[in-house]
Amino acid sequence: MKRLLVLVPLVAGLTGLAACGEKPQTLGGVKNDVAPYQGADNRFVAPGWKPGDKTSWEQGLKARTQRTQNEYSKLN
């Protein structure tokens, strides 16, 4: 019985200390500091589109939504 009286608070204390050791779970995604139409710094872009050309970027978005390539509807 004495062993149980010592063991229960000890386990509770260790459980409480284990919870204090967790790392903070903050959202640390990529921060966009440029406009979306500025583009990626790689060669995998749509043909005919130049980074920084807002009108061609908007036209590409319109064409993709008309062809039912909407990423928002794919995700949800």
# chains A, B, ... in the order shown; residues from 1 in each chain; ligands from 1

$ select_by_dssp --residues "chain A" --states "alpha helix (DSSP H)" --output "VMD selection string"
chain A and resid 2 to 20 54 to 66 71 to 75

$ write_last_selection --atoms "C-alpha atoms" --output "JSON list (two decimals), in the first residue's frame"
[["chain", "number", "residue", "atom", "x", "y", "z"],
["A", 2, "LYS", "CA", 2.84, 2.37, 0.81],
["A", 3, "ARG", "CA", 4.41, 1.57, -2.52],
["A", 4, "LEU", "CA", 1.21, 2.64, -4.31],
["A", 5, "LEU", "CA", 1.05, 5.89, -2.32],
["A", 6, "VAL", "CA", 4.57, 6.75, -3.46],
["A", 7, "LEU", "CA", 4.22, 5.50, -7.02],
["A", 8, "VAL", "CA", 1.04, 7.39, -7.98],
["A", 9, "PRO", "CA", 2.36, 10.92, -7.21],
["A", 10, "LEU", "CA", 5.69, 10.05, -8.81],
["A", 11, "VAL", "CA", 4.03, 8.97, -12.07],
["A", 12, "ALA", "CA", 1.79, 12.05, -12.01],
["A", 13, "GLY", "CA", 4.80, 14.30, -11.49],
["A", 14, "LEU", "CA", 6.76, 12.72, -14.33],
["A", 15, "THR", "CA", 3.77, 13.02, -16.63],
["A", 16, "GLY", "CA", 3.47, 16.71, -15.76],
["A", 17, "LEU", "CA", 7.14, 17.32, -16.44],
["A", 18, "ALA", "CA", 6.97, 15.51, -19.77],
["A", 19, "ALA", "CA", 4.29, 17.94, -20.94],
["A", 20, "CYS", "CA", 6.58, 20.90, -20.23],
["A", 54, "LYS", "CA", 0.61, 40.55, -64.49],
["A", 55, "THR", "CA", -1.78, 40.53, -67.45],
["A", 56, "SER", "CA", -0.52, 37.22, -68.84],
["A", 57, "TRP", "CA", -0.60, 35.77, -65.32],
["A", 58, "GLU", "CA", -4.26, 36.80, -64.93],
["A", 59, "GLN", "CA", -5.11, 35.41, -68.36],
["A", 60, "GLY", "CA", -3.49, 32.12, -67.42],
["A", 61, "LEU", "CA", -5.56, 31.94, -64.24],
["A", 62, "LYS", "CA", -8.76, 32.62, -66.18],
["A", 63, "ALA", "CA", -7.91, 29.93, -68.73],
["A", 64, "ARG", "CA", -7.18, 27.39, -65.99],
["A", 65, "THR", "CA", -10.45, 28.05, -64.19],
["A", 66, "GLN", "CA", -12.37, 27.71, -67.44],
["A", 71, "GLU", "CA", -6.82, 24.11, -57.00],
["A", 72, "TYR", "CA", -9.27, 25.34, -54.37],
["A", 73, "SER", "CA", -11.95, 22.90, -55.47],
["A", 74, "LYS", "CA", -9.37, 20.12, -55.65],
["A", 75, "LEU", "CA", -8.31, 20.67, -52.06]]

$ atom_distance --atom1 "CA of Tyr37 in chain A" --atom2 "CA of Gly52 in chain A"
5.6 Å

$ atom_distance --atom1 "CA of Ala35 in chain A" --atom2 "CA of Gly48 in chain A"
18.9 Å
